[in-house]
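Step one of this worksheet: look at the structure below.
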Amino acid sequence: MDQLSSADTETPEEAAPATDDAREAVLAEFTSRLGDGVLGSHIRVGDDLWIRVDRAHWLEAAEVAKSMGYRFFDFLSAIDWLPSPFGRDMDAQEDLVVAGTPAKEPEAIVQGYAGGDTRFQLLARLYSISAGMGITFKCDLPDDDLTAPTWSNVFAGANWHEREAREMFGFSFDGHPNMINMYLPVDFVGNPLRKDFPLLARRVRPWPGIVDVEPMPGVADEEGEGE
Amino acid sequence: MTAVSDPQSVAALVAEANDNRVNLDFETEGMTLNMGPQHPATHGTLRIIARLDGEQVISAEPMCGYMHRGYEKLTEVRTYPQINALINRIDWLGSFANEVPFILAAEKLMDVEAPPRAQWIRTILFEMSRVANISLFLGDFGLQLGGMTAGFYAFRDREWVLNQIESATGGRFHPNFDRIGGLKDDLPKGWIEESHTAMDKLLAFCDEMEDLLVGNEIFQGRTRGIGVIPAEIALSYGLSGANLRASGVDWDLRRDNCPPGLVYDQADWKVWTHPDGDCFARTWVRLQETREAAKIVKQLLDTIPSGPVMAKVPRIIKVPAGEAYVATENPLGEMGYYVVSKGDLVPFRVKIRSASFNNISVLPWVARGAYVPDLISILGSLYFILGDIDR
Amino acid sequence: MGLVESGKLPKPLAKLLNISRKYSIWAYQWGLACCAIEMGAAFASPRYDVMRLGVIPFPASPRQADLVVIAGTVTDKLAPAVVRLYEQMPDPKYVISMGSCANCGGPYWDSYSVTKGVDQLIPVDVYVPGCPPRPEALLEGIILLQERIAHEDMAERWKGGPIVVS
Ligand code: SF4
């Protein structure tokens, strides 16, 4: 309660700079060990640390972090930064097109914290139990070569996460021992978590609750369906 | 009999079956045992394909995905309040606990904070869902090891908690009660006293389970020394929650990295660990955890501050652009949401880090060399919820 | 049972048979998702106690069951297994679809991996709505099914060939 829920620095706090130092130190150590593999970083004071590494150093990053005490493997996944042509707003856009109004152009790709140059970014998180801090790693994957070295030899838990990332995004991981589908049936076509994967049920029948994308006075639809 | 239909899994099996004669001394043939997708020990639809040498498991590979419902994609087309209703259903035994980390992540991005009363009630309900969840684990694990009675007891006493959750939130199961900036409603009248009674019942249930199940000789025989997971392995697989603590790692997100918005520091409680890392340790830690949870609830019930339960948030919730990862200690382990927002009504990407996914990924490692009946103990004690694996 | 097949079953006998079938439903519980827990609460907990309705909830295999309760989300990957389970059950067999997911896809109506309604796969006798339905709702569904069984014309139902699911 007496901690700030976010570290935007309007109200300077005594505790915040201290933790900040800790993360700066981690970042400095990591950078010195990985050399020019670190492409970008972001620190939210008192909360979290993001490091973007080069793909060639992706595996090394895991090893370095592990040797720095970040031994707890949290997750590995990816982000597709393409603004969705089928997102929820875009459902409404679809309706506009039907009504004869031109649809709005999708925006440009904007990456999040720690920057980036490519549409796909790997996202992984390690945690140090002794330091009580986590690091979120990101790694750019160029569109024409969606491969990365596997982490599963460093963190055994990455095995399943990489299988998941493979089928959800269509990546491949070099050296992965067991690259088979995790969730989807084998005859499934497409990579669901790519932004350009359409949810066909929504195309067939737009959701009736679509009205609440407009700010309406009155009760917002808070219940969802199915209650 | 095995009916492996996917070409991929067949290929994987064929590769494994290459050394068909596994035991060179006896020249026994290897055998493939398929458990599931419908199997009583798999809490739903996990499927395990095990290669056996006689009674011994050479390799066991879980096949998930029979309950894959596509949460991460669906979050991209739902508004934040709608997601709240959806993600309840990930870990369906401790539903309220699923909402909290997501709401906290959204609150972090929006820079709002729930009023103290809401934080208190949140924590109470969070712990209540833990009790509801783990009490069923105790019963279910007993059921799987052949002790039917435990299952009935668990279903009986769990109703006490569910009643409390229901009278506060309106839902036995999927409360959808948490809101960005607070809670949907205040507590009903008389709830606090009733909750005390319910928690007393649950504490009694824990004692009963200790006598009936954990102290049982057969139970101990089937769990002690079975499925030992050393701490280092547990960490590298990302095991969390009681599975990790049973391996001797003293780490609990409630104590060590409690996200703002939950008030665990206001109660006096203890994190239990066990050095053994076997099936028994996992059960034992969970039993203690249920007790602690009931104690936390009882303490917090007495200190609920008064005040509003909802902070001022706009009616139409738009979350400012940014990224945040918030994880809490859910009944099954660390559950976290990595929320990427672009300032829209809907999040841009939500990565759900669910505990069971990591917890069960250790199965191929730990099942190697175990015996088939031990597989049941191991599976049961790792404790997973299918929705939490497959999402 | 030649009488049934020949379609010449005396009315009182048919009624007697129906009553006995109605109060001895062996229910195979196939817990799929969240609803399975509510089904468990209905079937296994002392508070709801389904046996008083004449439902025996513990057959070890679908081959001994008269009723299957599909409780939860059916995914496309699971669909073949659902059909297979249904085919293994001996006739006369009944299906209760429990929860919005099994009824129509429920909260996952737009998901890429969820089958929107188990009735696309197997014939359903009773739908129990809710997410999850309360255990009482499931009991109500079972009573509805029993009514249905009581009024069933067995001769009519078995006059043709076996029911085949494609
Ligand atoms: S209907 Fe609701 S409670 Fe039942 S399985 Fe589906 S999501 Fe879960």
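Numbering starts fresh at 1 for the residues of each chain in the structure tokens, the chains themselves are lettered A, B, ... in the order given, and ligands are numbered from 1 as they appear.
Proximal residues of ligand 1 are B:Arg89, C:Ala33, C:Cys34, C:Cys35, C:Gly72, C:Thr73, C:Gly99, C:Ser100, C:Cys101, C:Gly106, C:Cys131, C:Pro132, by a cut-off of 6 Å on only C-alpha atoms and all ligand atoms.
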Residues of chain C within 9 Å of chain B, counting only C-alpha atoms - could you list those as an MDAnalysis selection string? chainID C and resid 30:38 40:41 44:47 73:79 81 107:108 110:114 131:132 134
For the selection you just gave me, I'd like the residues written to a file as an mmCIF file, in the first residue's frame, keeping N, CA and C atoms.
data_model
loop_
_atom_site.group_PDB
_atom_site.id
_atom_site.type_symbol
_atom_site.label_atom_id
_atom_site.label_comp_id
_atom_site.auth_asym_id
_atom_site.auth_seq_id
_atom_site.Cartn_x
_atom_site.Cartn_y
_atom_site.Cartn_z
ATOM 1 N N TRP C 30 -17.478 -37.567 -17.853
ATOM 2 C CA TRP C 30 -16.291 -37.197 -18.566
ATOM 3 C C TRP C 30 -15.994 -35.745 -18.247
ATOM 4 N N GLY C 31 -15.182 -35.552 -17.276
ATOM 5 C CA GLY C 31 -14.835 -34.194 -16.885
ATOM 6 C C GLY C 31 -13.862 -33.605 -17.874
ATOM 7 N N LEU C 32 -14.247 -32.533 -18.483
ATOM 8 C CA LEU C 32 -13.349 -31.908 -19.435
ATOM 9 C C LEU C 32 -12.750 -30.626 -18.907
ATOM 10 N N ALA C 33 -13.535 -29.813 -18.277
ATOM 11 C CA ALA C 33 -12.986 -28.529 -17.853
ATOM 12 C C ALA C 33 -13.664 -28.119 -16.563
ATOM 13 N N CYS C 34 -13.798 -26.822 -16.387
ATOM 14 C CA CYS C 34 -14.314 -26.308 -15.117
ATOM 15 C C CYS C 34 -15.613 -26.994 -14.727
ATOM 16 N N CYS C 35 -16.491 -27.210 -15.682
ATOM 17 C CA CYS C 35 -17.777 -27.800 -15.380
ATOM 18 C C CYS C 35 -17.613 -29.160 -14.721
ATOM 19 N N ALA C 36 -16.507 -29.827 -15.013
ATOM 20 C CA ALA C 36 -16.301 -31.147 -14.444
ATOM 21 C C ALA C 36 -16.289 -31.088 -12.939
ATOM 22 N N ILE C 37 -15.814 -29.982 -12.398
ATOM 23 C CA ILE C 37 -15.739 -29.892 -10.949
ATOM 24 C C ILE C 37 -17.149 -29.747 -10.373
ATOM 25 N N GLU C 38 -17.972 -28.995 -11.074
ATOM 26 C CA GLU C 38 -19.339 -28.879 -10.601
ATOM 27 C C GLU C 38 -20.054 -30.210 -10.766
ATOM 28 N N GLY C 40 -18.536 -33.016 -10.549
ATOM 29 C CA GLY C 40 -18.004 -33.796 -9.437
ATOM 30 C C GLY C 40 -18.733 -33.473 -8.154
ATOM 31 N N ALA C 41 -19.006 -32.172 -7.969
ATOM 32 C CA ALA C 41 -19.723 -31.781 -6.768
ATOM 33 C C ALA C 41 -21.117 -32.394 -6.761
ATOM 34 N N ALA C 44 -20.352 -36.511 -6.590
ATOM 35 C CA ALA C 44 -19.557 -37.136 -5.537
ATOM 36 C C ALA C 44 -19.731 -36.492 -4.184
ATOM 37 N N SER C 45 -20.324 -35.313 -4.135
ATOM 38 C CA SER C 45 -20.340 -34.681 -2.820
ATOM 39 C C SER C 45 -21.614 -35.037 -2.078
ATOM 40 N N PRO C 46 -21.485 -35.148 -0.791
ATOM 41 C CA PRO C 46 -22.653 -35.508 0.012
ATOM 42 C C PRO C 46 -23.738 -34.438 -0.049
ATOM 43 N N ARG C 47 -23.357 -33.231 -0.399
ATOM 44 C CA ARG C 47 -24.358 -32.176 -0.364
ATOM 45 C C ARG C 47 -25.381 -32.334 -1.476
ATOM 46 N N THR C 73 -15.393 -27.924 -21.982
ATOM 47 C CA THR C 73 -15.046 -27.485 -23.314
ATOM 48 C C THR C 73 -14.586 -28.658 -24.165
ATOM 49 N N VAL C 74 -15.167 -28.794 -25.316
ATOM 50 C CA VAL C 74 -14.699 -29.793 -26.263
ATOM 51 C C VAL C 74 -13.862 -29.072 -27.298
ATOM 52 N N THR C 75 -12.629 -29.475 -27.437
ATOM 53 C CA THR C 75 -11.793 -28.823 -28.436
ATOM 54 C C THR C 75 -11.744 -29.684 -29.687
ATOM 55 N N ASP C 76 -11.296 -29.067 -30.752
ATOM 56 C CA ASP C 76 -11.237 -29.807 -32.005
ATOM 57 C C ASP C 76 -10.294 -30.996 -31.896
ATOM 58 N N LYS C 77 -9.267 -30.826 -31.097
ATOM 59 C CA LYS C 77 -8.317 -31.927 -30.955
ATOM 60 C C LYS C 77 -8.959 -33.083 -30.203
ATOM 61 N N LEU C 78 -9.886 -32.753 -29.327
ATOM 62 C CA LEU C 78 -10.504 -33.780 -28.506
ATOM 63 C C LEU C 78 -11.692 -34.428 -29.211
ATOM 64 N N ALA C 79 -12.214 -33.753 -30.213
ATOM 65 C CA ALA C 79 -13.461 -34.193 -30.827
ATOM 66 C C ALA C 79 -13.462 -35.676 -31.215
ATOM 67 N N ALA C 81 -12.004 -38.098 -29.909
ATOM 68 C CA ALA C 81 -12.113 -38.922 -28.703
ATOM 69 C C ALA C 81 -13.538 -38.901 -28.173
ATOM 70 N N PRO C 107 -17.822 -19.136 -23.594
ATOM 71 C CA PRO C 107 -16.933 -17.976 -23.640
ATOM 72 C C PRO C 107 -15.909 -18.067 -24.768
ATOM 73 N N TYR C 108 -15.765 -19.235 -25.333
ATOM 74 C CA TYR C 108 -14.771 -19.416 -26.385
ATOM 75 C C TYR C 108 -15.434 -19.476 -27.739
ATOM 76 N N ASP C 110 -15.457 -17.660 -30.158
ATOM 77 C CA ASP C 110 -14.676 -17.250 -31.320
ATOM 78 C C ASP C 110 -13.284 -17.849 -31.322
ATOM 79 N N SER C 111 -13.059 -18.838 -30.488
ATOM 80 C CA SER C 111 -11.712 -19.391 -30.426
ATOM 81 C C SER C 111 -11.418 -20.261 -31.641
ATOM 82 N N TYR C 112 -10.134 -20.369 -31.928
ATOM 83 C CA TYR C 112 -9.748 -21.155 -33.102
ATOM 84 C C TYR C 112 -9.685 -22.635 -32.803
ATOM 85 N N SER C 113 -9.742 -23.006 -31.532
ATOM 86 C CA SER C 113 -9.498 -24.405 -31.237
ATOM 87 C C SER C 113 -10.673 -25.092 -30.564
ATOM 88 N N VAL C 114 -11.746 -24.365 -30.296
ATOM 89 C CA VAL C 114 -12.843 -24.956 -29.548
ATOM 90 C C VAL C 114 -13.981 -25.336 -30.488
ATOM 91 N N CYS C 131 -22.454 -21.346 -16.778
ATOM 92 C CA CYS C 131 -21.003 -21.331 -16.943
ATOM 93 C C CYS C 131 -20.353 -21.089 -15.605
ATOM 94 N N PRO C 132 -20.161 -22.056 -14.785
ATOM 95 C CA PRO C 132 -20.672 -23.413 -14.920
ATOM 96 C C PRO C 132 -22.089 -23.494 -14.365
ATOM 97 N N ARG C 134 -24.832 -24.685 -11.889
ATOM 98 C CA ARG C 134 -24.715 -25.156 -10.509
ATOM 99 C C ARG C 134 -25.014 -26.647 -10.471
#
Going by DSSP on the backbone, which residues of region 8-99 of chain C come out as helix (DSSP H, G or I)? List them as a ChimeraX atom specification. /C:11-22,34-44,50-53,62-64,79-88,99
Between CA of Thr303 (chain B) and CA of Ala198 (chain B), what is the distance in Å, rounded to a tenth? 17.4 Å
How would you write, as a list in words, the set of residues in region 233-336 of chain B that DSSP gives as strand (DSSP E or B)? Met310, Gly322, Glu323, Ala324, Tyr325, Val326, Ala327, Thr328, Glu329, Asn330, Gly333, Glu334, Met335 and Gly336 of chain B
What is the distance, in Å and to one decimal place, between CA of Ala367 (chain B) and CA of Asn153 (chain A)? 19.1 Å
If we count only C-alpha atoms and set the cut-off at 7 Å, which residues sit around His161 (chain A), ignoring sequence neighbours fewer than 2 positions away in its own chain? Please answer as a PyMOL selection string. chain A and resi 75-77+158-159+163-165
Export C-alpha atoms of the chosen residues as a PDB file, in the first residue's frame?
ATOM      1  CA  PHE A  75       8.513 -18.238 -19.451  1.00  0.00           C
ATOM      2  CA  LEU A  76       9.513 -17.904 -23.057  1.00  0.00           C
ATOM      3  CA  SER A  77       7.197 -16.608 -25.689  1.00  0.00           C
ATOM      4  CA  ALA A 158      12.306 -23.776 -22.124  1.00  0.00           C
ATOM      5  CA  ASN A 159      11.673 -26.971 -24.052  1.00  0.00           C
ATOM      6  CA  ARG A 163       7.385 -25.819 -28.717  1.00  0.00           C
ATOM      7  CA  GLU A 164       4.537 -23.525 -27.897  1.00  0.00           C
ATOM      8  CA  ALA A 165       6.208 -20.538 -29.518  1.00  0.00           C
TER       9      ALA A 165
END
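One distance worth recording is that between CA of Lys298 (chain B) and CA of Ala114 (chain B), which is 21.4 Å.
Counting only C-alpha atoms, the residue from C:Leu121, C:Ile149, C:Cys104, C:Ala65 that sits nearest to chain A is C:Cys104.
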Can you list, as number ranges by chain, every protein, DNA or RNA residue that comes within 8 Å of Tyr70 (chain A) when you count only C-alpha atoms, leaving out same-chain residues fewer than 3 positions away? A: 65-67, 73, 126-129, 134
Report as JSON, numbers by chain all protein, DNA and RNA residues lying within 10 Å of Asn257 (chain B), evaluated on only C-alpha atoms, omitting residues in the same chain fewer than 3 positions from it. {"A": [129, 132, 133], "B": [251, 252, 253, 254, 260, 326, 327, 328, 329]}
Could those selected residues go to a file with all heavy atoms, as an mmCIF file, in the first residue's frame?
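Once everything was written out, this is selection.cif:
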data_model
loop_
_atom_site.group_PDB
_atom_site.id
_atom_site.type_symbol
_atom_site.label_atom_id
_atom_site.label_comp_id
_atom_site.auth_asym_id
_atom_site.auth_seq_id
_atom_site.Cartn_x
_atom_site.Cartn_y
_atom_site.Cartn_z
ATOM 1 N N ILE A 129 15.911 -15.681 -7.490
ATOM 2 C CA ILE A 129 15.219 -15.782 -6.217
ATOM 3 C C ILE A 129 15.995 -15.052 -5.133
ATOM 4 O O ILE A 129 15.423 -14.385 -4.279
ATOM 5 C CB ILE A 129 15.009 -17.267 -5.872
ATOM 6 C CG1 ILE A 129 13.939 -17.819 -6.795
ATOM 7 C CG2 ILE A 129 14.612 -17.440 -4.433
ATOM 8 C CD1 ILE A 129 13.654 -19.243 -6.622
ATOM 9 N N GLY A 132 15.538 -11.376 -5.838
ATOM 10 C CA GLY A 132 14.143 -10.957 -5.877
ATOM 11 C C GLY A 132 13.813 -10.098 -7.073
ATOM 12 O O GLY A 132 12.935 -9.246 -7.020
ATOM 13 N N MET A 133 14.528 -10.294 -8.166
ATOM 14 C CA MET A 133 14.282 -9.484 -9.357
ATOM 15 C C MET A 133 14.178 -10.382 -10.578
ATOM 16 O O MET A 133 14.743 -11.464 -10.619
ATOM 17 C CB MET A 133 15.443 -8.512 -9.572
ATOM 18 C CG MET A 133 15.411 -7.305 -8.683
ATOM 19 S SD MET A 133 16.571 -6.090 -9.268
ATOM 20 C CE MET A 133 18.109 -6.865 -8.898
ATOM 21 N N TRP B 251 10.824 -19.958 -1.340
ATOM 22 C CA TRP B 251 10.447 -18.818 -2.184
ATOM 23 C C TRP B 251 8.949 -18.790 -2.325
ATOM 24 O O TRP B 251 8.339 -19.762 -2.757
ATOM 25 C CB TRP B 251 11.113 -18.940 -3.557
ATOM 26 C CG TRP B 251 10.761 -17.822 -4.462
ATOM 27 C CD1 TRP B 251 10.889 -16.492 -4.213
ATOM 28 C CD2 TRP B 251 10.234 -17.920 -5.790
ATOM 29 N NE1 TRP B 251 10.475 -15.764 -5.287
ATOM 30 C CE2 TRP B 251 10.074 -16.607 -6.258
ATOM 31 C CE3 TRP B 251 9.898 -18.981 -6.609
ATOM 32 C CZ2 TRP B 251 9.579 -16.334 -7.536
ATOM 33 C CZ3 TRP B 251 9.407 -18.706 -7.863
ATOM 34 C CH2 TRP B 251 9.254 -17.384 -8.325
ATOM 35 N N ASP B 252 8.380 -17.703 -1.936
ATOM 36 C CA ASP B 252 6.940 -17.554 -2.048
ATOM 37 C C ASP B 252 6.671 -16.123 -2.488
ATOM 38 O O ASP B 252 7.064 -15.179 -1.813
ATOM 39 C CB ASP B 252 6.281 -17.835 -0.693
ATOM 40 C CG ASP B 252 4.776 -17.954 -0.823
ATOM 41 O OD1 ASP B 252 4.209 -17.145 -1.551
ATOM 42 O OD2 ASP B 252 4.198 -18.861 -0.207
ATOM 43 N N LEU B 253 6.032 -15.984 -3.604
ATOM 44 C CA LEU B 253 5.811 -14.641 -4.140
ATOM 45 C C LEU B 253 4.972 -13.788 -3.209
ATOM 46 O O LEU B 253 5.036 -12.576 -3.235
ATOM 47 C CB LEU B 253 5.124 -14.730 -5.500
ATOM 48 C CG LEU B 253 6.027 -14.994 -6.684
ATOM 49 C CD1 LEU B 253 5.200 -15.298 -7.900
ATOM 50 C CD2 LEU B 253 6.878 -13.781 -6.961
ATOM 51 N N ARG B 254 4.172 -14.427 -2.392
ATOM 52 C CA ARG B 254 3.351 -13.639 -1.480
ATOM 53 C C ARG B 254 4.227 -12.905 -0.483
ATOM 54 O O ARG B 254 3.933 -11.809 -0.062
ATOM 55 C CB ARG B 254 2.390 -14.556 -0.718
ATOM 56 C CG ARG B 254 1.320 -15.127 -1.573
ATOM 57 C CD ARG B 254 0.477 -16.084 -0.772
ATOM 58 N NE ARG B 254 1.172 -17.329 -0.510
ATOM 59 C CZ ARG B 254 0.703 -18.283 0.269
ATOM 60 N NH1 ARG B 254 -0.439 -18.133 0.854
ATOM 61 N NH2 ARG B 254 1.375 -19.405 0.450
ATOM 62 N N PRO B 260 2.143 -4.801 -5.221
ATOM 63 C CA PRO B 260 1.280 -3.881 -4.504
ATOM 64 C C PRO B 260 -0.171 -4.148 -4.868
ATOM 65 O O PRO B 260 -0.489 -4.432 -6.018
ATOM 66 C CB PRO B 260 1.733 -2.503 -4.994
ATOM 67 C CG PRO B 260 2.545 -2.750 -6.196
ATOM 68 C CD PRO B 260 3.095 -4.122 -6.104
ATOM 69 N N VAL B 326 3.078 -8.964 -14.042
ATOM 70 C CA VAL B 326 2.747 -9.121 -12.636
ATOM 71 C C VAL B 326 2.458 -10.591 -12.380
ATOM 72 O O VAL B 326 1.697 -11.219 -13.119
ATOM 73 C CB VAL B 326 1.532 -8.272 -12.236
ATOM 74 C CG1 VAL B 326 1.131 -8.582 -10.818
ATOM 75 C CG2 VAL B 326 1.850 -6.809 -12.348
ATOM 76 N N ALA B 327 3.103 -11.115 -11.380
ATOM 77 C CA ALA B 327 2.888 -12.514 -11.030
ATOM 78 C C ALA B 327 2.495 -12.602 -9.575
ATOM 79 O O ALA B 327 2.977 -11.831 -8.751
ATOM 80 C CB ALA B 327 4.157 -13.320 -11.269
ATOM 81 N N THR B 328 1.620 -13.498 -9.280
ATOM 82 C CA THR B 328 1.264 -13.744 -7.883
ATOM 83 C C THR B 328 1.378 -15.231 -7.613
ATOM 84 O O THR B 328 1.451 -16.046 -8.529
ATOM 85 C CB THR B 328 -0.172 -13.306 -7.574
ATOM 86 O OG1 THR B 328 -1.036 -13.935 -8.509
ATOM 87 C CG2 THR B 328 -0.331 -11.820 -7.648
ATOM 88 N N GLU B 329 1.366 -15.529 -6.338
ATOM 89 C CA GLU B 329 1.494 -16.919 -5.921
ATOM 90 C C GLU B 329 0.106 -17.534 -5.913
ATOM 91 O O GLU B 329 -0.633 -17.428 -4.942
ATOM 92 C CB GLU B 329 2.119 -16.957 -4.533
ATOM 93 C CG GLU B 329 2.410 -18.329 -4.015
ATOM 94 C CD GLU B 329 3.611 -18.949 -4.657
ATOM 95 O OE1 GLU B 329 4.514 -18.228 -5.069
ATOM 96 O OE2 GLU B 329 3.635 -20.184 -4.734
#
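Residues within 6 Å of region 51-53 of chain B, counting only C-alpha atoms and excluding same-chain residues fewer than 2 positions away, are Gly30, Met31, Thr32, Glu55, Gln56, Val57, Ile58 and Ser59 of chain B.
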Trp160 (chain A): which residues within 12 Å, counting only C-alpha atoms, same-chain residues fewer than 4 positions away excluded, as a PyMOL selection string? (chain A and resi 73-77+150-152+155-156+164-167+173+176-183) or (chain B and resi 61-64+237-238+356-364+389-390)
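Compared by their closest atoms to chain B, and using only C-alpha atoms, the residues A:Asp196, A:Asp143, A:Glu63, A:Asp48 rank with A:Asp48 nearest.
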